[in-house]
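Enquirer: Supplied structure: coords-v3.txt, compact mmCIF, C-alpha atoms.
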```txt
# COMPACT_ATOMS: atom_id res chain seq x y z
CA MET A 1 32.73 186.95 -108.57
CA SER A 2 35.00 187.37 -111.58
CA ALA A 3 33.84 186.89 -115.15
CA THR A 4 35.99 183.75 -115.34
CA ASP A 5 34.34 182.27 -112.25
CA ALA A 6 30.89 183.09 -113.60
CA THR A 7 31.72 181.44 -116.93
CA THR A 8 33.06 178.33 -115.17
CA GLY A 9 29.99 178.11 -112.93
CA SER A 10 27.68 178.45 -115.91
CA ALA A 11 29.53 175.70 -117.79
CA GLU A 12 29.29 173.36 -114.79
CA ALA A 13 25.58 174.07 -114.43
CA ASP A 14 25.03 173.37 -118.13
CA ALA A 15 26.95 170.09 -117.85
CA ALA A 16 24.92 169.04 -114.81
CA SER A 17 21.68 169.90 -116.59
CA ASP A 18 22.75 167.95 -119.67
CA GLU A 19 23.62 164.93 -117.53
CA ARG A 20 20.21 165.07 -115.85
CA LEU A 21 18.49 165.14 -119.24
CA ARG A 22 20.64 162.23 -120.41
CA ARG A 23 19.67 160.14 -117.39
CA TRP A 24 15.97 160.99 -117.74
CA ARG A 25 16.13 160.12 -121.43
CA LEU A 26 17.60 156.69 -120.58
CA VAL A 27 14.95 156.14 -117.91
CA LEU A 28 12.02 157.22 -120.08
CA GLY A 29 13.14 155.60 -123.33
CA GLY A 30 11.11 156.21 -126.45
CA GLY A 31 11.42 159.05 -128.96
CA PRO A 32 10.95 162.82 -128.97
CA GLU A 33 7.52 162.49 -127.37
CA GLU A 34 9.24 161.91 -124.04
CA GLY A 35 9.86 165.64 -123.92
CA THR A 36 13.54 165.73 -123.02
CA GLY A 37 14.60 166.91 -126.46
CA ARG A 38 17.88 165.08 -126.00
CA PRO A 39 18.84 162.54 -128.70
CA LEU A 40 20.94 159.52 -127.77
CA THR A 41 24.04 158.61 -129.70
CA GLY A 42 26.96 156.20 -129.43
CA THR A 43 27.19 154.33 -126.13
CA ASP A 44 24.03 155.97 -124.81
CA ALA A 45 22.06 154.67 -127.78
CA ALA A 46 23.46 151.17 -127.21
CA MET A 47 22.53 151.33 -123.52
CA ASP A 48 19.03 152.50 -124.47
CA GLY A 49 18.71 149.59 -126.88
CA ALA A 50 19.71 147.08 -124.19
CA LEU A 51 17.15 148.56 -121.78
CA ALA A 52 14.44 148.63 -124.46
CA ALA A 53 15.08 144.99 -125.38
CA LEU A 54 14.19 143.97 -121.85
CA TYR A 55 11.71 146.57 -120.64
CA GLY A 56 10.38 147.81 -123.98
CA SER A 57 9.78 151.40 -124.95
CA GLY A 58 6.08 151.31 -125.72
CA ASP A 59 3.84 154.36 -125.52
CA GLY A 60 2.49 156.07 -122.47
CA LYS A 61 -0.71 154.02 -122.50
CA GLU A 62 1.28 150.77 -122.41
CA ARG A 63 3.41 151.96 -119.52
CA ARG A 64 0.39 153.14 -117.53
CA SER A 65 -1.31 149.79 -118.03
CA GLY A 66 1.81 147.91 -116.94
CA ARG A 67 2.27 146.23 -120.35
CA ARG A 68 5.78 146.06 -121.76
CA SER A 69 7.04 145.13 -125.18
CA ALA A 70 10.36 143.29 -125.12
CA GLY A 71 12.77 142.45 -127.90
CA LEU A 72 14.66 139.37 -126.67
CA GLU A 73 12.00 136.92 -127.83
CA GLY A 74 13.71 133.92 -126.22
CA SER A 75 16.22 133.57 -129.06
CA ALA A 76 19.47 132.14 -127.70
CA PRO A 77 21.75 134.14 -130.06
CA SER A 78 19.97 137.43 -129.38
CA VAL A 79 19.93 136.80 -125.63
CA ALA A 80 23.63 135.92 -125.64
CA ARG A 81 24.43 139.16 -127.48
CA TRP A 82 22.22 141.11 -125.07
CA LEU A 83 23.95 139.56 -122.04
CA GLY A 84 27.28 140.62 -123.48
CA ASP A 85 25.98 144.14 -124.13
CA ILE A 86 24.69 144.74 -120.64
CA ARG A 87 27.97 143.53 -119.12
CA THR A 88 29.74 146.08 -121.34
CA TYR A 89 27.52 149.04 -120.53
CA PHE A 90 26.40 148.54 -116.91
CA PRO A 91 28.08 147.78 -113.56
CA ALA A 92 27.83 144.22 -112.20
CA SER A 93 25.14 145.10 -109.63
CA VAL A 94 22.88 146.49 -112.39
CA VAL A 95 23.66 143.54 -114.68
CA GLN A 96 22.50 141.11 -112.00
CA VAL A 97 19.19 142.95 -111.61
CA MET A 98 18.60 143.05 -115.36
CA GLN A 99 19.45 139.35 -115.72
CA ARG A 100 17.01 138.48 -112.95
CA ASP A 101 14.29 140.57 -114.61
CA ALA A 102 14.94 138.91 -117.95
CA PHE A 103 14.72 135.38 -116.61
CA GLU A 104 11.69 136.10 -114.43
CA ARG A 105 9.71 138.39 -116.76
CA LEU A 106 10.44 136.82 -120.13
CA GLY A 107 10.68 133.15 -119.20
CA LEU A 108 14.26 132.72 -120.39
CA SER A 109 15.39 130.38 -117.61
CA THR A 110 15.52 127.34 -119.86
CA LEU A 111 18.16 129.08 -121.99
CA LEU A 112 20.52 128.60 -119.04
CA LEU A 113 20.60 124.92 -119.96
CA GLU A 114 22.88 125.88 -122.84
CA PRO A 115 26.60 126.11 -121.83
CA GLU A 116 27.29 129.15 -124.03
CA MET A 117 24.53 131.05 -122.25
CA LEU A 118 25.95 130.24 -118.84
CA GLU A 119 29.34 131.55 -119.87
CA ALA A 120 27.77 134.89 -120.82
CA VAL A 121 25.94 135.65 -117.56
CA GLU A 122 27.09 137.56 -114.49
CA ALA A 123 27.13 135.00 -111.69
CA ASP A 124 25.45 135.82 -108.37
CA VAL A 125 23.39 134.17 -105.63
CA HIS A 126 20.14 134.54 -107.58
CA LEU A 127 21.62 132.92 -110.67
CA VAL A 128 22.76 130.01 -108.50
CA GLY A 129 19.20 129.65 -107.20
CA THR A 130 17.86 129.57 -110.76
CA LEU A 131 20.43 126.93 -111.77
CA LEU A 132 19.55 124.78 -108.78
CA SER A 133 15.87 124.93 -109.70
CA LEU A 134 16.82 123.66 -113.18
CA ASN A 135 19.19 121.01 -111.84
CA LYS A 136 17.06 117.97 -112.67
CA ALA A 137 16.43 119.19 -116.23
CA MET A 138 20.09 119.99 -116.88
CA PRO A 139 21.82 117.90 -119.58
CA GLU A 140 25.31 116.55 -118.90
CA THR A 141 26.81 118.97 -121.43
CA THR A 142 25.64 121.86 -119.25
CA ARG A 143 26.18 120.38 -115.79
CA GLU A 144 29.94 120.96 -115.56
CA THR A 145 29.58 124.55 -116.77
CA ALA A 146 26.84 125.08 -114.20
CA ARG A 147 29.01 123.64 -111.43
CA ALA A 148 31.82 126.00 -112.43
CA VAL A 149 29.46 128.98 -112.23
CA VAL A 150 28.13 127.86 -108.83
CA ARG A 151 31.64 127.21 -107.53
CA LYS A 152 32.75 130.74 -108.45
CA VAL A 153 29.86 132.25 -106.48
CA VAL A 154 30.45 129.91 -103.52
CA GLU A 155 34.18 130.70 -103.39
CA ASP A 156 33.45 134.44 -103.48
CA LEU A 157 30.99 134.04 -100.60
CA GLU A 158 33.46 131.98 -98.58
CA LYS A 159 36.14 134.65 -98.98
CA ARG A 160 33.68 137.26 -97.75
CA LEU A 161 32.21 135.32 -94.84
CA ALA A 162 34.56 132.61 -93.58
CA THR A 163 37.21 134.55 -91.63
CA ARG A 164 34.76 136.65 -89.65
CA THR A 165 32.54 133.66 -88.93
CA ARG A 166 35.41 131.57 -87.59
CA SER A 167 36.86 134.36 -85.43
CA THR A 168 33.46 135.35 -84.00
CA LEU A 169 32.45 131.80 -83.14
CA THR A 170 35.87 130.84 -81.77
CA GLY A 171 35.58 133.70 -79.31
CA ALA A 172 32.04 132.69 -78.38
CA LEU A 173 33.10 129.07 -77.84
CA ASP A 174 35.97 130.12 -75.58
CA ARG A 175 33.73 132.40 -73.55
CA SER A 176 31.02 129.77 -73.23
CA ALA A 177 33.60 127.35 -71.80
CA ARG A 178 34.46 129.49 -68.77
CA ILE A 179 35.82 127.62 -65.76
CA SER A 180 35.77 128.55 -62.08
CA ARG A 181 39.34 127.51 -61.20
CA PRO A 182 41.39 128.84 -64.11
CA ARG A 183 45.10 129.01 -64.34
CA HIS A 184 46.52 132.52 -64.10
CA ARG A 185 46.86 133.04 -67.84
CA ASP A 186 43.27 131.88 -68.39
CA ILE A 187 41.61 134.35 -65.97
CA ASP A 188 38.93 136.62 -67.44
CA TRP A 189 39.83 139.65 -65.34
CA ASP A 190 36.89 141.85 -66.38
CA ARG A 191 34.33 139.30 -65.26
CA THR A 192 36.34 138.30 -62.21
CA VAL A 193 36.41 141.92 -60.97
CA ARG A 194 32.68 142.40 -61.63
CA ALA A 195 31.85 139.17 -59.81
CA ASN A 196 33.84 140.25 -56.74
CA LEU A 197 32.87 143.92 -56.39
CA LYS A 198 31.17 143.12 -53.09
CA ASN A 199 34.64 142.25 -51.78
CA TYR A 200 36.06 145.71 -52.44
CA LEU A 201 38.34 146.94 -49.63
CA PRO A 202 38.35 150.76 -49.69
CA GLU A 203 41.24 151.07 -47.25
CA TYR A 204 43.45 149.17 -49.69
CA GLY A 205 41.72 150.34 -52.89
CA THR A 206 41.44 146.82 -54.21
CA VAL A 207 39.05 143.92 -54.77
CA VAL A 208 39.64 140.55 -53.13
CA PRO A 209 38.93 137.94 -55.85
CA GLU A 210 37.30 135.18 -53.85
CA ARG A 211 35.92 133.66 -57.06
CA LEU A 212 38.00 133.51 -60.23
CA ILE A 213 36.31 133.34 -63.63
CA GLY A 214 38.31 132.18 -66.60
CA TYR A 215 38.15 131.05 -70.18
CA GLY A 216 38.23 127.35 -70.80
CA ARG A 217 41.39 126.44 -72.65
CA ALA A 218 40.86 125.58 -76.28
CA ALA A 219 40.12 121.90 -76.40
CA ARG A 220 40.36 119.53 -79.30
CA SER A 221 37.05 117.94 -78.38
CA VAL A 222 33.76 119.14 -79.80
CA LYS A 223 32.19 121.90 -77.70
CA LYS A 224 28.94 122.49 -79.57
CA ASP A 225 26.62 120.66 -81.95
CA VAL A 226 24.97 122.80 -84.63
CA VAL A 227 22.07 121.59 -86.75
CA LEU A 228 21.13 123.67 -89.80
CA CYS A 229 17.60 122.74 -90.90
CA ILE A 230 16.90 124.40 -94.25
CA ASP A 231 13.61 124.79 -96.08
CA GLN A 232 14.31 124.15 -99.77
CA SER A 233 11.01 125.44 -101.13
CA GLY A 234 11.46 127.69 -104.16
CA SER A 235 11.13 130.98 -102.26
CA MET A 236 14.14 130.10 -100.09
CA ALA A 237 16.72 129.79 -102.90
CA ALA A 238 19.11 132.52 -101.71
CA SER A 239 18.88 131.23 -98.13
CA VAL A 240 19.82 127.72 -99.27
CA VAL A 241 22.93 129.10 -100.99
CA TYR A 242 24.11 131.10 -97.98
CA ALA A 243 23.26 128.35 -95.50
CA SER A 244 25.27 125.81 -97.49
CA VAL A 245 28.30 128.10 -97.43
CA PHE A 246 27.96 128.73 -93.70
CA GLY A 247 27.47 125.01 -93.13
CA ALA A 248 30.79 124.28 -94.83
CA VAL A 249 32.52 126.99 -92.77
CA LEU A 250 31.11 125.65 -89.49
CA ALA A 251 32.03 122.09 -90.46
CA SER A 252 35.64 123.21 -90.91
CA MET A 253 35.84 124.17 -87.20
CA ARG A 254 36.99 121.28 -85.02
CA SER A 255 35.09 122.48 -81.97
CA ILE A 256 31.71 122.45 -83.77
CA ALA A 257 29.98 119.29 -84.99
CA THR A 258 27.77 120.49 -87.83
CA ARG A 259 24.78 118.73 -89.36
CA LEU A 260 23.00 120.09 -92.43
CA VAL A 261 19.47 118.95 -93.23
CA VAL A 262 17.32 120.16 -96.13
CA PHE A 263 13.62 119.50 -96.46
CA ASP A 264 10.44 120.00 -98.43
CA THR A 265 7.88 117.27 -97.83
CA SER A 266 10.80 114.87 -97.44
CA VAL A 267 14.01 115.23 -95.42
CA VAL A 268 17.55 114.82 -96.74
CA ASP A 269 20.66 114.82 -94.55
CA LEU A 270 23.58 116.32 -96.52
CA THR A 271 26.08 116.33 -93.66
CA ASP A 272 28.47 113.96 -95.41
CA GLN A 273 28.82 116.49 -98.26
CA LEU A 274 29.71 119.49 -96.11
CA ASP A 275 33.34 119.46 -97.16
CA ASP A 276 32.17 120.86 -100.51
CA PRO A 277 29.22 123.31 -100.45
CA VAL A 278 28.83 122.94 -104.23
CA ASP A 279 27.97 119.26 -103.68
CA VAL A 280 25.54 120.34 -100.98
CA LEU A 281 23.81 122.78 -103.32
CA PHE A 282 23.47 120.24 -106.11
CA GLY A 283 22.08 117.82 -103.55
CA THR A 284 19.15 120.15 -102.86
CA ARG A 285 15.90 120.17 -104.81
CA LEU A 286 14.34 123.61 -104.87
CA GLY A 287 10.55 123.71 -105.04
CA GLY A 288 7.83 121.43 -103.76
CA GLY A 289 5.86 121.47 -100.53
CA THR A 290 6.92 121.98 -96.93
CA ASP A 291 6.77 119.71 -93.88
CA ILE A 292 8.61 121.48 -91.07
CA ASN A 293 7.31 119.09 -88.44
CA ARG A 294 8.86 116.09 -90.20
CA ALA A 295 12.18 117.91 -90.62
CA LEU A 296 12.29 118.91 -86.94
CA ALA A 297 11.41 115.35 -85.93
CA TYR A 298 14.48 114.13 -87.80
CA CYS A 299 16.70 116.85 -86.32
CA GLN A 300 15.44 116.08 -82.82
CA SER A 301 16.28 112.40 -83.30
CA GLN A 302 19.91 113.35 -84.03
CA ILE A 303 20.43 115.39 -80.86
CA THR A 304 22.53 113.64 -78.22
CA ARG A 305 23.71 116.62 -76.15
CA PRO A 306 20.74 119.01 -75.94
CA ALA A 307 22.42 121.47 -73.56
CA ASP A 308 25.28 121.86 -76.05
CA THR A 309 23.19 121.95 -79.22
CA VAL A 310 22.05 124.85 -81.40
CA VAL A 311 19.28 124.16 -83.93
CA VAL A 312 18.83 126.75 -86.68
CA LEU A 313 15.57 126.48 -88.62
CA ILE A 314 15.67 128.52 -91.84
CA SER A 315 12.15 128.70 -93.26
CA ASP A 316 9.34 131.07 -94.20
CA LEU A 317 7.20 128.90 -91.85
CA TYR A 318 4.49 128.01 -94.35
CA GLU A 319 3.84 124.61 -92.79
CA GLY A 320 2.22 121.92 -94.88
CA GLY A 321 2.60 119.31 -92.15
CA ILE A 322 1.27 119.21 -88.60
CA ARG A 323 1.37 122.69 -87.12
CA ASP A 324 0.81 121.67 -83.50
CA GLY A 325 3.41 118.94 -83.88
CA MET A 326 5.95 121.46 -85.12
CA LEU A 327 5.38 123.76 -82.15
CA LYS A 328 5.46 120.88 -79.66
CA ARG A 329 8.81 119.74 -81.03
CA VAL A 330 10.28 123.22 -80.67
CA ALA A 331 8.96 123.46 -77.10
CA SER A 332 10.35 120.00 -76.29
CA MET A 333 13.80 120.82 -77.64
CA LYS A 334 13.94 124.10 -75.75
CA ALA A 335 12.81 122.41 -72.52
CA ALA A 336 15.70 119.94 -72.94
CA GLY A 337 18.17 122.82 -73.18
CA VAL A 338 18.54 123.18 -76.95
CA GLN A 339 19.18 126.71 -78.22
CA PHE A 340 16.61 127.15 -81.01
CA VAL A 341 17.00 129.85 -83.68
CA THR A 342 14.35 130.61 -86.31
CA LEU A 343 15.42 132.54 -89.42
CA LEU A 344 12.76 133.56 -91.94
CA ALA A 345 15.54 134.12 -94.46
CA LEU A 346 19.33 134.09 -94.60
CA SER A 347 19.99 136.60 -97.36
CA ASP A 348 20.56 140.28 -98.12
CA GLU A 349 16.97 140.82 -99.25
CA GLY A 350 15.13 141.12 -95.94
CA ALA A 351 12.23 138.98 -94.81
CA PRO A 352 10.24 137.13 -97.48
CA ALA A 353 6.51 136.58 -97.23
CA TYR A 354 6.09 134.32 -94.20
CA ASP A 355 3.44 132.79 -91.97
CA ARG A 356 2.96 135.41 -89.27
CA GLU A 357 0.80 133.19 -87.08
CA HIS A 358 3.51 130.55 -86.87
CA ALA A 359 6.17 133.22 -86.31
CA ALA A 360 4.16 134.62 -83.39
CA ALA A 361 3.68 131.14 -81.93
CA LEU A 362 7.42 130.47 -82.07
CA ALA A 363 8.16 133.84 -80.47
CA ALA A 364 5.83 132.90 -77.62
CA LEU A 365 7.99 129.81 -77.09
CA GLY A 366 11.10 131.98 -76.83
CA ALA A 367 12.25 131.40 -80.42
CA PRO A 368 11.64 134.72 -82.22
CA ALA A 369 11.55 134.41 -86.01
CA PHE A 370 13.40 137.06 -87.97
CA ALA A 371 15.24 137.60 -91.25
CA CYS A 372 19.01 137.55 -90.97
CA THR A 373 21.64 138.96 -93.31
CA PRO A 374 24.78 136.92 -93.97
CA ASP A 375 26.83 139.57 -92.17
CA LEU A 376 24.68 139.25 -89.02
CA PHE A 377 24.66 135.45 -88.98
CA PRO A 378 27.98 135.01 -87.09
CA GLU A 379 26.67 137.29 -84.31
CA VAL A 380 23.42 135.33 -84.13
CA MET A 381 25.32 132.06 -83.81
CA ALA A 382 27.69 133.52 -81.22
CA ALA A 383 24.75 134.63 -79.10
CA ALA A 384 23.13 131.19 -79.38
CA ILE A 385 26.37 129.46 -78.40
CA GLU A 386 26.78 131.72 -75.37
CA LYS A 387 23.10 131.33 -74.47
CA ARG A 388 22.46 135.05 -74.45
CA PRO A 389 19.64 137.02 -76.15
CA LEU A 390 19.79 136.93 -79.93
CA PRO A 391 20.56 140.19 -81.80
CA VAL A 392 17.08 140.36 -83.31
CA PRO A 393 16.74 143.29 -85.77
CA ALA A 394 14.55 146.06 -84.40
CA ASP A 395 12.30 146.22 -87.47
CA ILE A 396 10.75 142.73 -87.29
```
Show how you would write the structure in this file as structure tokens.

Expert:
Amino acid sequence: MSATDATTGSAEADAASDERLRRWRLVLGGGPEEGTGRPLTGTDAAMDGALAALYGSGDGKERRSGRRSAGLEGSAPSVARWLGDIRTYFPASVVQVMQRDAFERLGLSTLLLEPEMLEAVEADVHLVGTLLSLNKAMPETTRETARAVVRKVVEDLEKRLATRTRSTLTGALDRSARISRPRHRDIDWDRTVRANLKNYLPEYGTVVPERLIGYGRAARSVKKDVVLCIDQSGSMAASVVYASVFGAVLASMRSIATRLVVFDTSVVDLTDQLDDPVDVLFGTRLGGGTDINRALAYCQSQITRPADTVVVLISDLYEGGIRDGMLKRVASMKAAGVQFVTLLALSDEGAPAYDREHAAALAALGAPAFACTPDLFPEVMAAAIEKRPLPVPADI
């Protein structure tokens, strides 16, 4: 190794070590007692101030006891400045986490009722959930700003999810409509060959296709009915947002008749608002109790073609109604030919706390309950439409 290489390597090592100290200093906060010996200046000092305002610096005893001192103090001007600072110094994903911590830990949610505060935040699914929970308390001066924030999030989600959902489900609908006497261009050759392997003629090296299997031609008539039954208790906020977006996407497909029902201890049918998921979201009422049995009773009453119906229950299964009634309704729907899907959550956060006894009872009925990410949802729906096993995650 030359002297130049050694010098370069030493400089890189020093830079890496300095960066590690910088990061530890930002994590630990506080003064020289943290032991890094690295002072913060400029942007780093501003970042440290934004972190300290939320999480507090405190001394070691405070941190060990879990107590934090925070500097936002619920003041609208100081919070607005802080929101602007964190958007300047941190990436959007970090900003969203810090906002969520601020509103949950410091009780700042009511500040979102002020339009200028809404304009300062980084919009995401969790912010939408918080706004929906404040919907009834929201003054008219804030409502339009809130709708604009919600619409931005909804439009971003639709761009991410709509195309793949439509293409996946269109393929599933075509495959589920297979016919036994297809025209030549509609023959599904892979399945036709597999179905006629017993008719293989070795002397000619060919299969005689006694039975043709084909795709049903795309029809203008409705092929499937889908009922989304959504628990709107407070813990399901992110699921309500995603389900509303998916409901609007499904409703835009001619071959699927979509119904969207939300419930707590009462049941509200929001199907007539599916052309605008923002209207759907502002029609929900996050919080309150849960009566799954009542919601399923309503959904069951709307089913006219059970063999062509998919019911998707999105709930953490904490039933405040009649447990046995809920299970009997699921069993009855399945016996009639309904494809029943139970999602503990429809979000990127994994499964919430849920009632494991009810989940096990539903699994015993052939309706396994599992958390579903938005990216997996089209595959789950495709499997339900084709009446094949659901792609249940292995870690449930």

Enquirer: Select all residues near (21.0, 123.8, -102.3) (cut-off 8 Å, inclusive, file coordinates), counting all atoms listed in the file, and output them as a ChimeraX atom specification.

Expert: /A:129,132,232,237,240-241,244,280-286

Enquirer: A:Thr145, A:Gln99, A:Thr342, A:Ser266: which is nearest Gly366 (chain A), counting only C-alpha atoms?

Expert: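 Smallest separation from Gly366 (chain A) among the options: A:Thr342.
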
Enquirer: Suppose you want the space between CA of Ile230 (chain A) and CA of Val261 (chain A); what is it in Å?

Expert: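 Atom-to-atom, CA of Ile230 (chain A) to CA of Val261 (chain A), that is 6.1 Å.
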
Enquirer: Hey, can you check how far CA of Leu212 (chain A) sits from CA of Ala383 (chain A)?

Expert: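 Between these atoms lies a distance of 23.1 Å.
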
Enquirer: When you count only C-alpha atoms, which of these residues is closest to Leu161 (chain A): A:Ala243, A:Val262, A:Leu270, A:Ala335?

Expert: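 Distance minimum relative to Leu161 (chain A) lands on A:Ala243.
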
Enquirer: Which neighbours of Leu127 (chain A) fall inside 12 Å, counting only C-alpha atoms, when residues of the same chain fewer than 2 positions from it are skipped, and could you give them as a PyMOL selection string?

Expert: chain A and resi 95-104+109+112+118+121-125+129-134+146-147+149-154+237-238+241

Enquirer: Calculated over only C-alpha atoms, which of the candidates A:Glu386, A:Asp156, A:Asp316, A:Asp174 has the smallest distance to Tyr354 (chain A)?

Expert: A:Asp316

Enquirer: If you measure from CA of Thr141 (chain A) to CA of Gly234 (chain A), what distance in Å do you get, rounded to one decimal?

Expert: 24.7 Å

Enquirer: May I have the residues within 6 Å of Asn196 (chain A) as a list of chain:residue names, using all atoms listed in the file and disregarding those fewer than 3 positions away in the same chain?

Expert: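 Using all atoms listed in the file, the neighbours found are A:Val193, A:Asn199, A:Pro209.
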
Enquirer: Looking at all atoms listed in the file, which of A:Ala92, A:Leu54, A:Met326, A:Ala382 is the one that sits closest to Val310 (chain A)?

Expert: A:Ala382

Enquirer: Show me, as a list in words, the residues that have an atom within 8 Å of Leu344 (chain A) when counting only C-alpha atoms, minus same-chain residues fewer than 4 positions from it.

Expert: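 Here the answer would be Ile314, Ser315, Asp316, Leu317, Ala351, Pro352, Tyr354, Ala369, Phe370, Ala371 and Cys372 of chain A.
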
Enquirer: Using only C-alpha atoms, which of the listed residues (A:Ala120, A:Leu173, A:Val249, A:Ala46) sits closest to Lys159 (chain A)?

Expert: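 Between A:Ala120, A:Leu173, A:Val249, A:Ala46, the residue approaching Lys159 (chain A) most closely is A:Val249.
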
Enquirer: Counting all atoms listed in the file, figure out which residue out of A:Ser176, A:Gln339, A:Ser235, A:Ser347 gets nearest to Gly289 (chain A).

Expert: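 Ranked by minimum distance to Gly289 (chain A), first place goes to A:Ser235.
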
Enquirer: If we draw a sphere of 7 Å around (19.8, 120.8, -88.0), which residues have at least one atom in it when counting all atoms listed in the file? Please report them as a PDB file with C-alpha atoms, keeping the file's coordinate frame.

Expert:
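Generated output (out_11.pdb):
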```
ATOM      1  CA  VAL A 226      24.970 122.800 -84.630  1.00  0.00           C
ATOM      2  CA  VAL A 227      22.070 121.590 -86.750  1.00  0.00           C
ATOM      3  CA  LEU A 228      21.130 123.670 -89.800  1.00  0.00           C
ATOM      4  CA  CYS A 229      17.600 122.740 -90.900  1.00  0.00           C
ATOM      5  CA  ARG A 259      24.780 118.730 -89.360  1.00  0.00           C
ATOM      6  CA  LEU A 260      23.000 120.090 -92.430  1.00  0.00           C
ATOM      7  CA  VAL A 261      19.470 118.950 -93.230  1.00  0.00           C
ATOM      8  CA  CYS A 299      16.700 116.850 -86.320  1.00  0.00           C
ATOM      9  CA  VAL A 311      19.280 124.160 -83.930  1.00  0.00           C
ATOM     10  CA  VAL A 312      18.830 126.750 -86.680  1.00  0.00           C
TER      11      VAL A 312
END
```
